[in-house]
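Q: Would you mind keeping the following structure in view while I ask a few things?
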Amino acid sequence: MIEVIDAERCTSCDICVNVCPTNVFDKTDGIPVIARQSDCQTCFLCELYCPEDALYVSPFADDAQAIDVIALKQTNAMGSYRRAVGWTDDTRDRRAVDRSYLLFGH
Amino acid sequence: MTSKAHRAERVFAPTGSVEFDADVLVLGGGPAGTWAAVSAAERGARVVLADKGFCGTSGATAAAGTGVWYVDPDPAQREAAMANREKLGGHLQDRRWMARVLDRTYQQSNRLADWGYPYPVDDRGRSQRNSLQGPEYMRLMRKRTKQAGVTILDHSPALELLVDGDGAVAGASGVRRQKHDRWIVRAKAVVIATGGCAFLSKTLGSNVLTGDGYLMAAEAGADFSSMEFSNPYAISAAFGSVTKTLFFGWATFSHEDGSVVPGAASKGGRSAIARALLRGPVYARLDKADDDVQRHMRASQPNFFLPFDRTGIDPFTDRFPITLRLEGTVRGTGGLRIVDDSCATSVAGLYAAGDAATRELICGGFTGGGSHNAAWAISSGTWAGQGAATYASQLAAPARRQLSSAGTIAFRSRSQRAFEPAALAKDVQAEVFPYELNYFREATRLQGSLARLDAAWRDASDADAAGKADILRARESAAMLATARWMYRSALDRQESRGMHRRDDFPDQDERQRHYVTTGGLDEVWTDIRPHAEASFAEAAE
């Protein structure tokens with residue numbers, strides 16, 4: 001489930017509020033809030049669309065987790081999905097690396 | 001292509017609501033909905049698309065990656081593509097539909113390339129078009145939908161259809177949940193592209209898929225087909241949401257004590273996993289994937305690895321606990337019954353596309369993987385959009401029709417007892433999640449389940465109308481309940497094992513039952529059987 005909106009990185013663009021398919025976030029005067037965490041379906045799409053790598057979705061789908069944001073930011077996890085699918089300027093070439101055609105028919 | 005003249009018209013509406021006049025209203029903004037909207041707009045229709053979430057991220061495809069039943073137009077390849085799925089689907093497919101879906105999917109997938117979808121190129125320089133990355137694909141489809149002049153309403157779940165005096169569908173209304181008001185779209189035709197029902201099981205991207213469109217369509221009088229084929233379960237890490245069953249083709253499955261689960265496999269052995277899970281935890285390790293396969297997996301599906309990388313598990317060398325998450329009618333094959341080549345339903349003005357519509361025509365009783373469903377979404381979306389646009393353009397009397405709301409359950413004030421959506425959703429899950437009820441079916445257990453589900457329907461029907469804050473959840477839970485009743489009533493009628501439908505009391509396929517089961521109804525659920533297309537052709541020829 002979504003666990004982190006990092007106040008240092010968030011620019012209050014509200015893209016996460018708009019794109020979340022299950023309406024987990026609410027807009028505020030400042031940074032958005034995780035208003036309905038239990039509605040999170042752990043699809044990772046808010047994180048993927050966040051241009052600032054300010055979000056972190058924990059892979060645990062059913063239970064909330066306590067996250068140490070400072071420790072988390074020392075890892076490469078925030079923004080790792082965006083980089084992997086080629087949605088950052090540095091990784092654009094990855095958008096066309098799908099190799100599923102080699103895996104089908106197994 | 002974009003033209004102001006073809007935009008839906010926003011009309012004056014009372015405070016607290018927003019109203020549009022359109023030719024075609026599309027409900028749902030996944031692959032089927034966006035293809036329908038673009039196709040209707042290309043025929044000159046003024047189109048509104050209302051999505052429960054955000055068109056581009058909502059639905060089963062957006063979060064995932066999907067194979068696509070894309071086959072070169074070579075007769076031998078096409079023949080093989082059709083033939084090799086017939087046994088799996090219990091011989092309920094229809095060759096004519098398979099051929100037209102292959103044709104249409106091929107054309108439209110190639111259009112995606114023209115629109116800039118970054119298909120991969122193989123070592124021999126050929127563009128490979130039998131797989132789509134969900135986020136990339138749906139971001140592109142949103143862009144194309146807007147460019148086609150379609151008005152998109154995001155976070156605007158539909159709650160009920162509007163019908164005219166003759167019972168023809170003529171729009172819908174719902175809520176704009178982030179703007180805290182209501183929307184009403186008067187349209188000459190409506191396309192239901194709201195997906196299937198996965199019962200809030202958290203199978204990847206599917207929690208927006210609660211059968212809402214089924215309920216709305218049934219209230220307008222539509223019926224369903226093949227709803228008994230509704231019990232696929234996807235493999236995921238026990239703690240996670242990411243279901244990518246293909247990758248478990250390289251897994252070894254084991255019990256707690258490390259012994260291998262006999263017969264367990266992602267393909268053709270998932271029931272062994274379900275049986276083992278009834279007795280205790282089951283673990284997987286993708287130890288059959290060599291270095292090349294591991295690399296291809298990472299490149300193809302980065303999201304598959306998020307649950308592992310973020311918990312420090314190496315899925316190729318470490319054992320991790322797995323579970324099976326119900327995919328219901330999302331990867332089942334049933335849905336709204338299609339009555340003609342334009343994907344019309346049995347109700348005038350109402351069309352169906354994608355997982356909301358039956359896929360029996362190309363899948364019979366089994367899909368597995370997204371490949372056929374993705375092809376169906378593209379093809380049926382295109383046909384439904386075109387069909388709805390054509391119907392709208394031929395509809396006489398542009399004068400305003402008197403419209404009424406078709407919604408029933410959760411709208412009717414009948415008592416002082418409150419409608420409790422969360423409790424109802426849990427009650428439905430308790431009937432559809434357990435493997436011993438849904439995976440392994442048997443008459444007595446199905447009857448027991450149906451008795452409880454029917455009682456829940458009576459209770460919910462007698463409850464007070466849901467309030468503004470609860471109405472969406474109330475309608476979702478009611479839709480899940482209705483879906484479960486259509487599923488199990490159909491499952492009870494099919495006294496054999498065929499496709500994914502598996503009966504403990506009738507373990508074999510019975511050739512006398514090579515027919516379709518039709519269902520429908522709200523307070524009283526009914527079933528009926530329809531002959532398979534080939535049988536009806538044979539009769540006509542006699």
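Residue names in the structure tokens use chain letters A, B, ... in the order shown, residue numbers from 1 in each chain, and ligand numbers from 1 in the order shown.
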Show me, as a PyMOL selection string, the residues of chain A whose atoms get within 9 Å of chain B, using only C-alpha atoms for the distance check.

A: chain A and resi 18-23+26+39-46+48+58-63+77+80-81+84-85+94-104+106

Q: Can you pull out every residue within 7 Å of Ala466 (chain B), counting only C-alpha atoms, but drop anything in the same chain fewer than 4 positions away, and send it as a PyMOL selection string?

A: chain B and resi 410-411+419+470-471+474

Q: What does the file look like for those residues with all heavy atoms, as a tab-separated table (two decimals), in the first residue's frame?

A:
chain	number	residue	atom	x	y	z
B	410	ALA	N	-29.98	-0.07	-3.56
B	410	ALA	CA	-29.25	1.01	-2.89
B	410	ALA	C	-29.85	2.39	-3.18
B	410	ALA	O	-29.41	3.39	-2.64
B	410	ALA	CB	-27.76	1.02	-3.22
B	411	PHE	N	-30.85	2.43	-4.07
B	411	PHE	CA	-31.53	3.70	-4.34
B	411	PHE	C	-32.93	3.73	-3.71
B	411	PHE	O	-33.58	4.76	-3.70
B	411	PHE	CB	-31.69	3.92	-5.85
B	411	PHE	CG	-30.41	4.27	-6.55
B	411	PHE	CD1	-29.88	3.43	-7.51
B	411	PHE	CD2	-29.74	5.44	-6.23
B	411	PHE	CE1	-28.69	3.75	-8.16
B	411	PHE	CE2	-28.55	5.76	-6.88
B	411	PHE	CZ	-28.03	4.92	-7.84
B	419	PHE	N	-28.01	0.62	4.83
B	419	PHE	CA	-27.27	-0.20	3.86
B	419	PHE	C	-25.81	-0.22	4.32
B	419	PHE	O	-25.21	0.83	4.54
B	419	PHE	CB	-27.37	0.45	2.47
B	419	PHE	CG	-27.08	-0.48	1.34
B	419	PHE	CD1	-28.08	-0.85	0.45
B	419	PHE	CD2	-25.81	-1.00	1.15
B	419	PHE	CE1	-27.81	-1.72	-0.61
B	419	PHE	CE2	-25.53	-1.87	0.11
B	419	PHE	CZ	-26.54	-2.23	-0.78
B	470	ASP	N	-21.93	7.06	0.77
B	470	ASP	CA	-21.83	5.60	0.68
B	470	ASP	C	-22.32	5.03	-0.63
B	470	ASP	O	-22.19	3.83	-0.85
B	470	ASP	CB	-22.73	4.99	1.78
B	470	ASP	CG	-21.91	4.55	2.98
B	470	ASP	OD1	-20.68	4.75	2.92
B	470	ASP	OD2	-22.50	4.05	3.93
B	471	ILE	N	-22.91	5.85	-1.47
B	471	ILE	CA	-23.66	5.30	-2.60
B	471	ILE	C	-22.77	4.50	-3.56
B	471	ILE	O	-23.16	3.43	-4.04
B	471	ILE	CB	-24.46	6.41	-3.35
B	471	ILE	CG1	-25.32	5.82	-4.48
B	471	ILE	CG2	-23.57	7.50	-3.89
B	471	ILE	CD1	-26.47	4.97	-4.02
B	474	ALA	N	-21.96	1.22	-1.94
B	474	ALA	CA	-23.18	0.41	-1.87
B	474	ALA	C	-23.46	-0.25	-3.22
B	474	ALA	O	-23.76	-1.45	-3.30
B	474	ALA	CB	-24.37	1.28	-1.45

Q: Identify, on the basis of only C-alpha atoms, every residue whose closest approach to Ala64 (chain A) does not exceed 10 Å; exclude the query and any residue fewer than 5 positions from it along the same chain; express the result as number ranges by chain.

A: A: 1-3, 37-38, 58-59

Q: Just to be explicit: take each residue in the selection above, keep N, CA, C and O atoms, and write the result as a JSON list (two decimals), in the first residue's frame.

A:
[["chain", "number", "residue", "atom", "x", "y", "z"],
["A", 1, "MET", "N", 0.85, -1.19, 0.00],
["A", 1, "MET", "CA", 0.00, 0.00, 0.00],
["A", 1, "MET", "C", 0.88, 1.24, 0.00],
["A", 1, "MET", "O", 2.02, 1.19, 0.48],
["A", 2, "ILE", "N", 0.32, 2.34, -0.50],
["A", 2, "ILE", "CA", 1.05, 3.60, -0.49],
["A", 2, "ILE", "C", 1.38, 3.96, 0.96],
["A", 2, "ILE", "O", 0.51, 3.92, 1.82],
["A", 3, "GLU", "N", 2.65, 4.29, 1.20],
["A", 3, "GLU", "CA", 3.05, 4.61, 2.57],
["A", 3, "GLU", "C", 3.65, 5.99, 2.71],
["A", 3, "GLU", "O", 3.57, 6.59, 3.78],
["A", 37, "GLN", "N", -6.02, 5.09, 2.84],
["A", 37, "GLN", "CA", -4.95, 4.12, 2.56],
["A", 37, "GLN", "C", -5.52, 2.72, 2.32],
["A", 37, "GLN", "O", -5.00, 1.97, 1.50],
["A", 38, "SER", "N", -6.57, 2.37, 3.04],
["A", 38, "SER", "CA", -7.10, 1.00, 2.91],
["A", 38, "SER", "C", -7.73, 0.77, 1.53],
["A", 38, "SER", "O", -7.97, -0.38, 1.15],
["A", 58, "SER", "N", 4.68, 0.56, -0.61],
["A", 58, "SER", "CA", 5.19, -0.67, 0.00],
["A", 58, "SER", "C", 4.57, -1.85, -0.73],
["A", 58, "SER", "O", 3.40, -1.79, -1.16],
["A", 59, "PRO", "N", 5.32, -2.95, -0.93],
["A", 59, "PRO", "CA", 4.76, -4.08, -1.68],
["A", 59, "PRO", "C", 3.75, -4.90, -0.89],
["A", 59, "PRO", "O", 3.15, -5.82, -1.45]]

Q: What's the 9 Å shell around Glu52 (chain A), counting only C-alpha atoms, without same-chain residues fewer than 6 positions away, as a ChimeraX atom specification?

A: /A:9-11,79

Q: Save the residues we just selected, C-alpha atoms, as a compact mmCIF listing (two decimals), in the first residue's frame?

A:
# COMPACT_ATOMS: atom_id res chain seq x y z
CA ARG A 9 10.49 16.17 -2.72
CA CYS A 10 6.76 16.74 -3.26
CA THR A 11 5.95 19.88 -5.26
CA GLY A 79 11.68 6.14 -8.31

Q: Contacts of Gly16 (chain B) at 12 Å or less, counting only C-alpha atoms, minus same-chain residues fewer than 2 places along, as number ranges by chain?

A: B: 12-14, 18-19, 174-177, 179-184

Q: Rounded to one decimal in Å, what is the spacing between CA of Tyr70 (chain B) and CA of Gly332 (chain B)?

A: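 Computed distance, CA of Tyr70 (chain B) to CA of Gly332 (chain B), equals 20.2 Å.
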
Q: Set the distance at 9 Å and use only C-alpha atoms: which residues neighbour Arg7 (chain B) once local chain neighbours fewer than 4 positions away are removed? I'd like the list as a PyMOL selection string.

A: chain B and resi 2-3+22+41+45-48+149-151

Q: Could the residues in this selection be written to a file with N, CA, C and O atoms, as a short mmCIF file (atom, residue, chain, number, x, y, z; two decimals), in the first residue's frame?

A:
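Okay, part_16.cif is ready:
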data_model
loop_
_atom_site.label_atom_id
_atom_site.label_comp_id
_atom_site.auth_asym_id
_atom_site.auth_seq_id
_atom_site.Cartn_x
_atom_site.Cartn_y
_atom_site.Cartn_z
N THR B 2 -9.55 15.99 -34.66
CA THR B 2 -10.16 16.73 -33.56
C THR B 2 -11.03 17.84 -34.12
O THR B 2 -10.61 18.58 -34.99
N SER B 3 -12.23 17.94 -33.63
CA SER B 3 -13.13 18.95 -34.16
C SER B 3 -14.06 19.41 -33.06
O SER B 3 -14.70 18.61 -32.39
N ALA B 22 -24.77 14.05 -25.56
CA ALA B 22 -23.79 13.37 -26.40
C ALA B 22 -24.52 12.39 -27.32
O ALA B 22 -25.70 12.10 -27.13
N ALA B 41 -15.90 8.32 -32.05
CA ALA B 41 -15.56 9.69 -32.46
C ALA B 41 -15.13 9.72 -33.93
O ALA B 41 -15.45 10.65 -34.66
N ALA B 45 -19.33 10.78 -34.07
CA ALA B 45 -20.19 10.91 -32.88
C ALA B 45 -19.57 11.87 -31.86
O ALA B 45 -18.35 11.99 -31.77
N ARG B 46 -20.45 12.54 -31.13
CA ARG B 46 -20.01 13.33 -29.98
C ARG B 46 -19.97 12.37 -28.80
O ARG B 46 -20.99 11.78 -28.44
N VAL B 47 -18.79 12.24 -28.21
CA VAL B 47 -18.58 11.15 -27.23
C VAL B 47 -18.16 11.69 -25.88
O VAL B 47 -17.31 12.58 -25.78
N VAL B 48 -18.77 11.13 -24.83
CA VAL B 48 -18.28 11.34 -23.47
C VAL B 48 -17.81 9.99 -22.95
O VAL B 48 -18.48 8.97 -23.17
N GLY B 149 -11.25 14.09 -29.68
CA GLY B 149 -12.32 15.03 -29.34
C GLY B 149 -13.29 14.51 -28.28
O GLY B 149 -14.34 15.11 -28.03
N VAL B 150 -12.92 13.40 -27.65
CA VAL B 150 -13.79 12.81 -26.63
C VAL B 150 -13.67 13.61 -25.32
O VAL B 150 -12.58 14.01 -24.93
N THR B 151 -14.81 13.86 -24.69
CA THR B 151 -14.80 14.50 -23.38
C THR B 151 -14.60 13.41 -22.32
O THR B 151 -15.40 12.48 -22.23
#
